[in-house]
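Trainee: Dropping in input-v1.cif, with mmCIF, N, CA and C atoms.
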```
data_input
loop_
_atom_site.label_atom_id
_atom_site.label_comp_id
_atom_site.auth_asym_id
_atom_site.auth_seq_id
_atom_site.Cartn_x
_atom_site.Cartn_y
_atom_site.Cartn_z
N MET A 5 -0.26 1.45 14.94
CA MET A 5 -0.39 1.58 16.37
C MET A 5 -1.71 0.93 16.82
N ILE A 6 -1.66 0.28 17.95
CA ILE A 6 -2.85 -0.33 18.54
C ILE A 6 -3.65 0.76 19.25
N GLN A 7 -4.95 0.69 19.12
CA GLN A 7 -5.83 1.58 19.87
C GLN A 7 -6.78 0.70 20.67
N ILE A 8 -7.16 1.18 21.86
CA ILE A 8 -8.13 0.47 22.67
C ILE A 8 -9.17 1.44 23.21
N TYR A 9 -10.43 1.15 22.89
CA TYR A 9 -11.54 1.88 23.49
C TYR A 9 -11.70 1.27 24.88
N HIS A 10 -11.41 2.06 25.90
CA HIS A 10 -11.22 1.53 27.25
C HIS A 10 -12.14 2.20 28.26
N ASN A 11 -12.66 1.37 29.16
CA ASN A 11 -13.41 1.85 30.32
C ASN A 11 -12.67 1.32 31.55
N PRO A 12 -12.00 2.19 32.31
CA PRO A 12 -11.21 1.73 33.44
C PRO A 12 -12.02 1.07 34.56
N ARG A 13 -13.33 1.23 34.55
CA ARG A 13 -14.16 0.60 35.58
C ARG A 13 -14.57 -0.82 35.21
N CYS A 14 -14.23 -1.25 34.00
CA CYS A 14 -14.61 -2.57 33.49
C CYS A 14 -13.44 -3.54 33.63
N GLY A 15 -13.64 -4.65 34.31
CA GLY A 15 -12.59 -5.64 34.50
C GLY A 15 -12.07 -6.22 33.19
N LYS A 16 -12.97 -6.53 32.26
CA LYS A 16 -12.54 -7.07 30.97
C LYS A 16 -11.67 -6.05 30.23
N SER A 17 -12.05 -4.80 30.31
CA SER A 17 -11.29 -3.74 29.65
C SER A 17 -9.92 -3.58 30.31
N ARG A 18 -9.87 -3.62 31.63
CA ARG A 18 -8.58 -3.52 32.34
C ARG A 18 -7.67 -4.69 31.98
N ASN A 19 -8.23 -5.90 31.92
CA ASN A 19 -7.44 -7.09 31.57
C ASN A 19 -6.89 -6.97 30.15
N CYS A 20 -7.72 -6.49 29.24
CA CYS A 20 -7.29 -6.33 27.85
C CYS A 20 -6.17 -5.30 27.76
N LEU A 21 -6.31 -4.19 28.45
CA LEU A 21 -5.28 -3.16 28.44
C LEU A 21 -3.98 -3.70 29.02
N ALA A 22 -4.04 -4.45 30.11
CA ALA A 22 -2.83 -5.03 30.70
C ALA A 22 -2.15 -5.97 29.71
N PHE A 23 -2.95 -6.73 28.97
CA PHE A 23 -2.40 -7.64 27.96
C PHE A 23 -1.68 -6.84 26.86
N ILE A 24 -2.32 -5.77 26.40
CA ILE A 24 -1.72 -4.93 25.35
C ILE A 24 -0.43 -4.29 25.85
N GLU A 25 -0.40 -3.87 27.10
CA GLU A 25 0.80 -3.25 27.66
C GLU A 25 1.99 -4.20 27.63
N GLN A 26 1.74 -5.49 27.72
CA GLN A 26 2.82 -6.49 27.71
C GLN A 26 3.37 -6.75 26.30
N LYS A 27 2.68 -6.27 25.27
CA LYS A 27 3.09 -6.55 23.89
C LYS A 27 4.28 -5.73 23.42
N ASN A 28 4.69 -4.74 24.17
CA ASN A 28 5.81 -3.87 23.77
C ASN A 28 5.60 -3.24 22.41
N GLU A 29 4.36 -2.85 22.13
CA GLU A 29 4.02 -2.11 20.92
C GLU A 29 3.40 -0.79 21.36
N GLU A 30 3.47 0.19 20.45
CA GLU A 30 2.82 1.46 20.76
C GLU A 30 1.31 1.25 20.80
N TYR A 31 0.67 1.92 21.74
CA TYR A 31 -0.79 1.85 21.82
C TYR A 31 -1.33 3.18 22.31
N LYS A 32 -2.58 3.38 22.01
CA LYS A 32 -3.27 4.59 22.45
C LYS A 32 -4.56 4.18 23.13
N ILE A 33 -4.79 4.73 24.30
CA ILE A 33 -6.03 4.49 25.02
C ILE A 33 -7.04 5.54 24.61
N ILE A 34 -8.22 5.09 24.25
CA ILE A 34 -9.32 6.00 23.95
C ILE A 34 -10.35 5.85 25.06
N PRO A 35 -10.41 6.82 25.97
CA PRO A 35 -11.38 6.76 27.06
C PRO A 35 -12.76 7.18 26.54
N TYR A 36 -13.43 6.23 25.89
CA TYR A 36 -14.62 6.55 25.10
C TYR A 36 -15.78 7.11 25.91
N LEU A 37 -15.78 6.94 27.22
CA LEU A 37 -16.86 7.52 28.02
C LEU A 37 -16.72 9.03 28.13
N THR A 38 -15.48 9.53 28.07
CA THR A 38 -15.25 10.98 28.15
C THR A 38 -14.90 11.57 26.79
N GLU A 39 -14.33 10.76 25.91
CA GLU A 39 -14.02 11.19 24.54
C GLU A 39 -14.89 10.36 23.61
N THR A 40 -16.17 10.64 23.65
CA THR A 40 -17.15 9.85 22.93
C THR A 40 -16.99 9.99 21.43
N PRO A 41 -16.96 8.84 20.73
CA PRO A 41 -16.90 8.93 19.26
C PRO A 41 -18.18 9.57 18.72
N ASN A 42 -18.03 10.40 17.69
CA ASN A 42 -19.21 10.99 17.08
C ASN A 42 -19.87 9.95 16.16
N PHE A 43 -20.96 10.32 15.55
CA PHE A 43 -21.73 9.40 14.72
C PHE A 43 -20.87 8.80 13.61
N LYS A 44 -20.13 9.65 12.91
CA LYS A 44 -19.29 9.18 11.80
C LYS A 44 -18.20 8.23 12.29
N GLU A 45 -17.56 8.59 13.38
CA GLU A 45 -16.49 7.74 13.94
C GLU A 45 -17.05 6.38 14.37
N LEU A 46 -18.22 6.39 14.97
CA LEU A 46 -18.83 5.14 15.41
C LEU A 46 -19.22 4.27 14.22
N LYS A 47 -19.70 4.90 13.17
CA LYS A 47 -20.04 4.16 11.96
C LYS A 47 -18.79 3.52 11.34
N GLU A 48 -17.70 4.26 11.31
CA GLU A 48 -16.43 3.74 10.79
C GLU A 48 -15.91 2.60 11.68
N LEU A 49 -16.08 2.73 12.97
CA LEU A 49 -15.67 1.68 13.90
C LEU A 49 -16.47 0.41 13.65
N LEU A 50 -17.76 0.55 13.42
CA LEU A 50 -18.60 -0.61 13.12
C LEU A 50 -18.15 -1.31 11.84
N GLU A 51 -17.72 -0.54 10.86
CA GLU A 51 -17.21 -1.13 9.62
C GLU A 51 -15.93 -1.93 9.90
N LYS A 52 -15.04 -1.39 10.73
CA LYS A 52 -13.81 -2.10 11.08
C LYS A 52 -14.12 -3.39 11.85
N LEU A 53 -15.17 -3.33 12.67
CA LEU A 53 -15.58 -4.50 13.45
C LEU A 53 -16.36 -5.50 12.61
N ASN A 54 -16.90 -5.02 11.48
CA ASN A 54 -17.76 -5.83 10.63
C ASN A 54 -18.99 -6.31 11.42
N LEU A 55 -19.60 -5.37 12.14
CA LEU A 55 -20.78 -5.66 12.95
C LEU A 55 -21.93 -4.74 12.59
N GLN A 56 -23.13 -5.20 12.83
CA GLN A 56 -24.30 -4.34 12.77
C GLN A 56 -24.34 -3.53 14.06
N PRO A 57 -24.90 -2.33 14.02
CA PRO A 57 -24.90 -1.49 15.22
C PRO A 57 -25.44 -2.18 16.47
N ILE A 58 -26.51 -2.91 16.36
CA ILE A 58 -27.10 -3.55 17.54
C ILE A 58 -26.13 -4.55 18.18
N GLN A 59 -25.20 -5.10 17.40
CA GLN A 59 -24.25 -6.06 17.93
C GLN A 59 -23.19 -5.41 18.82
N LEU A 60 -23.10 -4.10 18.78
CA LEU A 60 -22.14 -3.36 19.59
C LEU A 60 -22.77 -2.80 20.86
N VAL A 61 -24.07 -2.95 20.98
CA VAL A 61 -24.81 -2.38 22.11
C VAL A 61 -24.79 -3.32 23.31
N ARG A 62 -24.55 -2.74 24.47
CA ARG A 62 -24.68 -3.47 25.73
C ARG A 62 -26.16 -3.44 26.10
N ILE A 63 -26.89 -4.46 25.67
CA ILE A 63 -28.35 -4.44 25.79
C ILE A 63 -28.86 -4.67 27.21
N LYS A 64 -27.97 -5.00 28.13
CA LYS A 64 -28.39 -5.18 29.53
C LYS A 64 -28.20 -3.92 30.36
N GLU A 65 -27.66 -2.88 29.73
CA GLU A 65 -27.50 -1.60 30.44
C GLU A 65 -28.88 -0.99 30.73
N LYS A 66 -28.98 -0.39 31.89
CA LYS A 66 -30.24 0.22 32.33
C LYS A 66 -30.76 1.25 31.32
N ILE A 67 -29.87 2.05 30.77
CA ILE A 67 -30.27 3.07 29.79
C ILE A 67 -30.93 2.43 28.58
N TRP A 68 -30.36 1.31 28.11
CA TRP A 68 -30.94 0.62 26.95
C TRP A 68 -32.32 0.07 27.30
N ILE A 69 -32.39 -0.61 28.41
CA ILE A 69 -33.65 -1.25 28.82
C ILE A 69 -34.76 -0.20 28.99
N GLU A 70 -34.44 0.90 29.63
CA GLU A 70 -35.46 1.92 29.91
C GLU A 70 -35.85 2.76 28.71
N ASN A 71 -34.92 2.95 27.76
CA ASN A 71 -35.19 3.90 26.68
C ASN A 71 -35.31 3.29 25.29
N TYR A 72 -34.77 2.09 25.08
CA TYR A 72 -34.70 1.58 23.71
C TYR A 72 -35.24 0.16 23.54
N LYS A 73 -35.19 -0.65 24.56
CA LYS A 73 -35.58 -2.05 24.45
C LYS A 73 -37.02 -2.17 23.93
N GLY A 74 -37.19 -3.06 22.95
CA GLY A 74 -38.51 -3.31 22.40
C GLY A 74 -38.93 -2.34 21.31
N ARG A 75 -38.16 -1.30 21.08
CA ARG A 75 -38.47 -0.34 20.01
C ARG A 75 -37.82 -0.80 18.72
N GLU A 76 -38.49 -0.56 17.61
CA GLU A 76 -37.88 -0.83 16.31
C GLU A 76 -37.04 0.38 15.92
N LEU A 77 -35.73 0.18 15.89
CA LEU A 77 -34.81 1.27 15.60
C LEU A 77 -34.05 0.98 14.32
N THR A 78 -33.79 2.01 13.55
CA THR A 78 -32.94 1.87 12.38
C THR A 78 -31.49 1.76 12.86
N ASN A 79 -30.61 1.33 11.97
CA ASN A 79 -29.19 1.29 12.32
C ASN A 79 -28.68 2.66 12.75
N ASP A 80 -29.10 3.69 12.04
CA ASP A 80 -28.67 5.04 12.39
C ASP A 80 -29.17 5.45 13.79
N GLN A 81 -30.37 5.04 14.14
CA GLN A 81 -30.90 5.36 15.47
C GLN A 81 -30.13 4.62 16.57
N VAL A 82 -29.72 3.40 16.29
CA VAL A 82 -28.92 2.65 17.26
C VAL A 82 -27.55 3.32 17.43
N ILE A 83 -26.94 3.72 16.33
CA ILE A 83 -25.66 4.43 16.40
C ILE A 83 -25.82 5.72 17.19
N GLN A 84 -26.89 6.45 16.93
CA GLN A 84 -27.12 7.70 17.65
C GLN A 84 -27.32 7.44 19.15
N ALA A 85 -28.00 6.35 19.49
CA ALA A 85 -28.19 6.00 20.90
C ALA A 85 -26.84 5.78 21.58
N MET A 86 -25.91 5.11 20.88
CA MET A 86 -24.57 4.89 21.46
C MET A 86 -23.78 6.20 21.54
N THR A 87 -23.96 7.06 20.56
CA THR A 87 -23.29 8.36 20.58
C THR A 87 -23.80 9.20 21.76
N ASP A 88 -25.10 9.16 21.97
CA ASP A 88 -25.72 9.91 23.07
C ASP A 88 -25.43 9.30 24.44
N ASN A 89 -25.22 7.99 24.47
CA ASN A 89 -25.02 7.25 25.72
C ASN A 89 -23.85 6.29 25.55
N PRO A 90 -22.62 6.76 25.62
CA PRO A 90 -21.47 5.91 25.31
C PRO A 90 -21.34 4.68 26.22
N ILE A 91 -21.98 4.68 27.36
CA ILE A 91 -21.95 3.50 28.23
C ILE A 91 -22.56 2.29 27.52
N LEU A 92 -23.35 2.53 26.47
CA LEU A 92 -23.97 1.45 25.72
C LEU A 92 -22.99 0.73 24.78
N ILE A 93 -21.84 1.32 24.55
CA ILE A 93 -20.87 0.73 23.62
C ILE A 93 -20.15 -0.43 24.31
N GLU A 94 -20.17 -1.59 23.68
CA GLU A 94 -19.46 -2.76 24.20
C GLU A 94 -17.97 -2.45 24.28
N ARG A 95 -17.32 -2.99 25.28
CA ARG A 95 -15.90 -2.74 25.48
C ARG A 95 -15.21 -3.99 25.96
N PRO A 96 -13.91 -3.99 25.84
CA PRO A 96 -13.04 -3.06 25.14
C PRO A 96 -13.05 -3.34 23.64
N ILE A 97 -12.71 -2.35 22.88
CA ILE A 97 -12.56 -2.52 21.43
C ILE A 97 -11.09 -2.29 21.11
N VAL A 98 -10.49 -3.22 20.39
CA VAL A 98 -9.09 -3.13 20.02
C VAL A 98 -9.01 -2.93 18.51
N ILE A 99 -8.21 -1.94 18.10
CA ILE A 99 -8.06 -1.61 16.68
C ILE A 99 -6.58 -1.73 16.31
N LYS A 100 -6.34 -2.37 15.16
CA LYS A 100 -4.99 -2.46 14.63
C LYS A 100 -5.08 -2.65 13.12
N ASP A 101 -4.26 -1.93 12.40
CA ASP A 101 -4.16 -2.07 10.94
C ASP A 101 -5.52 -1.98 10.24
N GLY A 102 -6.36 -1.06 10.67
CA GLY A 102 -7.64 -0.83 10.01
C GLY A 102 -8.71 -1.85 10.32
N LYS A 103 -8.44 -2.77 11.24
CA LYS A 103 -9.43 -3.76 11.64
C LYS A 103 -9.64 -3.64 13.14
N ALA A 104 -10.77 -4.19 13.62
CA ALA A 104 -11.08 -4.08 15.04
C ALA A 104 -11.80 -5.33 15.52
N ILE A 105 -11.67 -5.56 16.83
CA ILE A 105 -12.40 -6.63 17.49
C ILE A 105 -12.88 -6.14 18.84
N ILE A 106 -13.88 -6.82 19.37
CA ILE A 106 -14.26 -6.62 20.76
C ILE A 106 -13.33 -7.52 21.56
N GLY A 107 -12.56 -6.94 22.46
CA GLY A 107 -11.48 -7.64 23.12
C GLY A 107 -11.80 -8.24 24.47
N ARG A 108 -12.94 -8.88 24.60
CA ARG A 108 -13.30 -9.49 25.87
C ARG A 108 -12.60 -10.82 26.10
N ASP A 109 -12.21 -11.51 25.04
CA ASP A 109 -11.53 -12.79 25.11
C ASP A 109 -10.05 -12.57 24.79
N LEU A 110 -9.18 -12.76 25.78
CA LEU A 110 -7.77 -12.45 25.59
C LEU A 110 -7.10 -13.37 24.57
N ASP A 111 -7.59 -14.58 24.41
CA ASP A 111 -7.04 -15.47 23.37
C ASP A 111 -7.32 -14.88 21.99
N LEU A 112 -8.51 -14.33 21.83
CA LEU A 112 -8.87 -13.68 20.56
C LEU A 112 -8.01 -12.44 20.34
N VAL A 113 -7.79 -11.67 21.40
CA VAL A 113 -6.95 -10.48 21.30
C VAL A 113 -5.53 -10.89 20.90
N ALA A 114 -5.03 -11.95 21.49
CA ALA A 114 -3.67 -12.40 21.19
C ALA A 114 -3.52 -12.76 19.72
N SER A 115 -4.47 -13.52 19.18
CA SER A 115 -4.38 -13.89 17.77
C SER A 115 -4.61 -12.68 16.87
N PHE A 116 -5.43 -11.74 17.29
CA PHE A 116 -5.68 -10.53 16.50
C PHE A 116 -4.43 -9.67 16.41
N LEU A 117 -3.69 -9.56 17.49
CA LEU A 117 -2.52 -8.69 17.53
C LEU A 117 -1.28 -9.32 16.92
N ASP A 118 -1.25 -10.64 16.79
CA ASP A 118 -0.07 -11.31 16.21
C ASP A 118 -0.09 -11.31 14.70
#
```
Since I need it in another form, could you write the structure as structure tokens?

Mentor:
Amino acid sequence: MIQIYHNPRCGKSRNCLAFIEQKNEEYKIIPYLTETPNFKELKELLEKLNLQPIQLVRIKEKIWIENYKGRELTNDQVIQAMTDNPILIERPIVIKDGKAIIGRDLDLVASFLD
């Protein structure tokens, strides 16, 4: 089953969800702002994405700039920052068959899902 970490206020996330809806496959929406992944889940998600924690952070978010920018943080501290402030998590994230991608580019999503 396809899963999508979705923020309904984000245009890229809405576009990705609309694309997934057209695939006629089962999918599950994870509203990560209200159902925030815990530390372990976020770490597992990063493994599926094959990314370092900082690569998943929305570094232009006000929370990041005011509280974390310029600080030397360990990977665990970056993960904790995203757990504490889920708005920092890049979106949308699409998961299928134990792998994941950041689904901002619909061409990439299309090739990932095929």

Trainee: Would you translate the PyMOL selection byres ((chain A and resi 20) around 8) into the concrete set of residues it matches in this file, as a list in words?

Mentor: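 So the PyMOL selection byres ((chain A and resi 20) around 8), applied here, picks out Ile8, Cys14, Gly15, Lys16, Ser17, Arg18, Asn19, Leu21, Ala22, Phe23, Ile24, Glu25, Gln26, Pro96, Gly107, Arg108, Asp109, Leu110 and Val113 of chain A.
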
Trainee: Distance atom C of Thr78 of chain A-atom C of Val61 of chain A, one decimal place?

Mentor: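 Atom-to-atom, atom C of Thr78 of chain A and atom C of Val61 of chain A are spaced 13.4 Å apart.
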
Trainee: When DSSP is applied to the backbone of this structure, which of chain A are assigned strand (DSSP E or B)? Write them out as a list of chain:residue names.

Mentor: A:Ile6, A:Gln7, A:Ile8, A:Tyr9, A:Tyr31, A:Lys32, A:Ile33, A:Ile34, A:Val61, A:Ile93, A:Ile97, A:Val98, A:Ile99, A:Lys100, A:Lys103, A:Ala104, A:Ile105, A:Ile106

Trainee: Just to be explicit: take each residue in the selection above, keep N, CA and C atoms, and write the result as a PDB file, in the coordinates of the input.

Mentor:
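As a result, part.pdb now contains:
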```
ATOM      1  N   ILE A   6      -1.660   0.280  17.950  1.00  0.00           N
ATOM      2  CA  ILE A   6      -2.850  -0.330  18.540  1.00  0.00           C
ATOM      3  C   ILE A   6      -3.650   0.760  19.250  1.00  0.00           C
ATOM      4  N   GLN A   7      -4.950   0.690  19.120  1.00  0.00           N
ATOM      5  CA  GLN A   7      -5.830   1.580  19.870  1.00  0.00           C
ATOM      6  C   GLN A   7      -6.780   0.700  20.670  1.00  0.00           C
ATOM      7  N   ILE A   8      -7.160   1.180  21.860  1.00  0.00           N
ATOM      8  CA  ILE A   8      -8.130   0.470  22.670  1.00  0.00           C
ATOM      9  C   ILE A   8      -9.170   1.440  23.210  1.00  0.00           C
ATOM     10  N   TYR A   9     -10.430   1.150  22.890  1.00  0.00           N
ATOM     11  CA  TYR A   9     -11.540   1.880  23.490  1.00  0.00           C
ATOM     12  C   TYR A   9     -11.700   1.270  24.880  1.00  0.00           C
ATOM     13  N   TYR A  31       0.670   1.920  21.740  1.00  0.00           N
ATOM     14  CA  TYR A  31      -0.790   1.850  21.820  1.00  0.00           C
ATOM     15  C   TYR A  31      -1.330   3.180  22.310  1.00  0.00           C
ATOM     16  N   LYS A  32      -2.580   3.380  22.010  1.00  0.00           N
ATOM     17  CA  LYS A  32      -3.270   4.590  22.450  1.00  0.00           C
ATOM     18  C   LYS A  32      -4.560   4.180  23.130  1.00  0.00           C
ATOM     19  N   ILE A  33      -4.790   4.730  24.300  1.00  0.00           N
ATOM     20  CA  ILE A  33      -6.030   4.490  25.020  1.00  0.00           C
ATOM     21  C   ILE A  33      -7.040   5.540  24.610  1.00  0.00           C
ATOM     22  N   ILE A  34      -8.220   5.090  24.250  1.00  0.00           N
ATOM     23  CA  ILE A  34      -9.320   6.000  23.950  1.00  0.00           C
ATOM     24  C   ILE A  34     -10.350   5.850  25.060  1.00  0.00           C
ATOM     25  N   VAL A  61     -24.070  -2.950  20.980  1.00  0.00           N
ATOM     26  CA  VAL A  61     -24.810  -2.380  22.110  1.00  0.00           C
ATOM     27  C   VAL A  61     -24.790  -3.320  23.310  1.00  0.00           C
ATOM     28  N   ILE A  93     -21.840   1.320  24.550  1.00  0.00           N
ATOM     29  CA  ILE A  93     -20.870   0.730  23.620  1.00  0.00           C
ATOM     30  C   ILE A  93     -20.150  -0.430  24.310  1.00  0.00           C
ATOM     31  N   ILE A  97     -12.710  -2.350  22.880  1.00  0.00           N
ATOM     32  CA  ILE A  97     -12.560  -2.520  21.430  1.00  0.00           C
ATOM     33  C   ILE A  97     -11.090  -2.290  21.110  1.00  0.00           C
ATOM     34  N   VAL A  98     -10.490  -3.220  20.390  1.00  0.00           N
ATOM     35  CA  VAL A  98      -9.090  -3.130  20.020  1.00  0.00           C
ATOM     36  C   VAL A  98      -9.010  -2.930  18.510  1.00  0.00           C
ATOM     37  N   ILE A  99      -8.210  -1.940  18.100  1.00  0.00           N
ATOM     38  CA  ILE A  99      -8.060  -1.610  16.680  1.00  0.00           C
ATOM     39  C   ILE A  99      -6.580  -1.730  16.310  1.00  0.00           C
ATOM     40  N   LYS A 100      -6.340  -2.370  15.160  1.00  0.00           N
ATOM     41  CA  LYS A 100      -4.990  -2.460  14.630  1.00  0.00           C
ATOM     42  C   LYS A 100      -5.080  -2.650  13.120  1.00  0.00           C
ATOM     43  N   LYS A 103      -8.440  -2.770  11.240  1.00  0.00           N
ATOM     44  CA  LYS A 103      -9.430  -3.760  11.640  1.00  0.00           C
ATOM     45  C   LYS A 103      -9.640  -3.640  13.140  1.00  0.00           C
ATOM     46  N   ALA A 104     -10.770  -4.190  13.620  1.00  0.00           N
ATOM     47  CA  ALA A 104     -11.080  -4.080  15.040  1.00  0.00           C
ATOM     48  C   ALA A 104     -11.800  -5.330  15.520  1.00  0.00           C
ATOM     49  N   ILE A 105     -11.670  -5.560  16.830  1.00  0.00           N
ATOM     50  CA  ILE A 105     -12.400  -6.630  17.490  1.00  0.00           C
ATOM     51  C   ILE A 105     -12.880  -6.140  18.840  1.00  0.00           C
ATOM     52  N   ILE A 106     -13.880  -6.820  19.370  1.00  0.00           N
ATOM     53  CA  ILE A 106     -14.260  -6.620  20.760  1.00  0.00           C
ATOM     54  C   ILE A 106     -13.330  -7.520  21.560  1.00  0.00           C
TER      55      ILE A 106
END
```

Trainee: Need to verify the contact set: Lys103 of chain A, 7 Å, only N, CA and C atoms, exclusion of same-chain residues closer than 6 positions in sequence. Can you return it as a list in words?

Mentor: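 Counting only N, CA and C atoms, the residues come to Glu51, Lys52 and Leu53 of chain A.
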
Trainee: Determine, counting all atoms listed in the file, which protein, DNA and RNA residues have an atom within 8 Å of an atom of Glu30 of chain A; residues of the same chain fewer than 2 positions away are not included. Present the result as a list in words.

Mentor: Met5, Ile6, Gln7, Ile24, Lys27, Asn28, Lys32 and Ile33 of chain A

Trainee: Which one is closest to Leu60 of chain A: A:Leu46, A:Leu92, A:Ala114, A:Val98? Count only N, CA and C atoms.

Mentor: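 So, comparing all the options, the nearest one is A:Leu92.
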
Trainee: So what do you get for atom CA of Gln59 of chain A versus atom CA of Leu117 of chain A, distance-wise?

Mentor: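 Computing the Euclidean distance for atom CA of Gln59 of chain A and atom CA of Leu117 of chain A yields 21.9 Å.
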
Trainee: Might you spell out which residues the PyMOL selection byres ((chain A and resi 81-85) around 8) would select in the displayed file, as number ranges by chain?

Mentor: A: 42-43, 46-47, 57-58, 61, 76-80, 86-93

Trainee: How many Å lie between atom CA of Gly102 of chain A and atom C of Leu55 of chain A, rounded to one decimal?

Mentor: 15.0 Å

Trainee: Report as a PyMOL selection string: the residues of chain A with a DSSP assignment of alpha helix (DSSP H), based on the backbone of this structure.

Mentor: chain A and resi 15-25+43-53+66-71+79-88+110-117

Trainee: Care to translate the PyMOL selection byres ((chain A and resi 34) around 8) into actual residues of this file, as a PyMOL selection string?

Mentor: chain A and resi 7-11+31-33+35-40
